[in-house]
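Novice: After the structure tokens below, expect a handful of questions from me.
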Amino acid sequence: MGDEDCEERERNKLGRCCTAPWCKVRYGTNGETSFFRIPTDPERCRKWIDYVNRPELAYHSPEHLHNNFRLCAYHFRDADYVSVGNHARLKKTAVPSVPPPADWTRKSVAHQQVSKPQPKGFDRGLEPEQILGVTNASGEMMFLIQWKGAEEADFVKASECNVRYPQMVISFYQKRLVFEY
């Protein structure tokens with residue numbers, strides 16, 4: 001497993017690393033760097049995601065991002081803080097705005113595709129083949145769907161799948177129900 005894979009796994013462990021891909025600050029590294037949760041307000045949440053240039057995060061709910069991703073204090077300007085007693089707190093309206101290092105920007109522009117995020121779920125226009133699993137990790141019940149003619153499975157809202165493919169949902173649950181007498 002490469003360093004990048006390991007780094008990405010570590011980055012996603014409940015705020016152990018700053019969410020900004022160019023930032024190497026880890027929680028507890030120096031004991032003085034504050035970390036801030038991504039806001040649950042959808043508009044501000046989107047601005048934070050845009051700032052970190054990680055469009056894949058847009059597929060998660062603001063609540064999921066708030067609970068699982070952090071940005072360190074180095075991405076905010078002095079004007080983004082308000083003094084509360086002898087502590088500085090991030091203003092409720094703060095949006096990260098300190099630009100990434102110039103070398104990261106050049107490197108990322110050269111290696112990144114300039115494209116829209118790929119459609120997910122039913123927006124892909126594919127027929128579902130089978131339901132592989134179910135989760136409630138984001139606070140909403142989601143099915144993991146394998147699509148006909150596609151290698152990549154992805155999550156869709158259970159409520160949407162219940163309406164579009166009720167027989168597939170019933171079949172999924174029937175295979176997993178165990179009655180004890």
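By order in the structure tokens, chains are A, B, ...; within a chain, residues start at 1; ligands start at 1, following the order shown.
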Neighbours of Gln130 in chain A within 9 Å (only C-alpha atoms; same-chain residues fewer than 6 positions away dropped), as an MDAnalysis selection string?
Specialist: chainID A and resid 144:148 168:169 172
Novice: Hey, what's within 10 Å of range 77-91 of chain A if we count only C-alpha atoms and toss same-chain stuff fewer than 5 positions away? As a VMD selection string, please?
Specialist: chain A and resid 34 36 96 to 98
Novice: Compare A:His75, A:Lys120, A:Arg176, A:Arg164 by their minimum atom-to-atom distance to Ala58 in chain A, counting only C-alpha atoms, and give me the closest one.
Specialist: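 Looking at the shortest contact to Ala58 in chain A, the residue is A:Lys120.
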Novice: How would you write, as number ranges by chain, the set of residues in chain A that DSSP gives as helix (DSSP H, G or I)?
Specialist: A: 3-11, 42-52, 55-59, 62-68, 73-75, 78-80, 102-111, 121-124, 158-164, 166-176
Novice: Of the candidates A:Ile38, A:Ile170, A:Leu132, A:Val52, which shows the shortest atom-to-atom distance to Ala20 in chain A, using only C-alpha atoms?
Specialist: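 Using only C-alpha atoms, the shortest distance to Ala20 in chain A belongs to A:Val52.
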Novice: Would you please give, as number ranges by chain, all residues of chain A that DSSP assigns to strand (DSSP E) based on the backbone?
Specialist: A: 35-37, 70-72, 81-84, 87-90, 128-135, 142-147, 154-157
Novice: Given only C-alpha atoms as the basis, pick out the residue of A:Pro55, A:Pro39, A:Pro21, A:Pro62 nearest to Gln118 in chain A.
Specialist: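 Of A:Pro55, A:Pro39, A:Pro21, A:Pro62, the one nearest Gln118 in chain A is A:Pro55, counting only C-alpha atoms.
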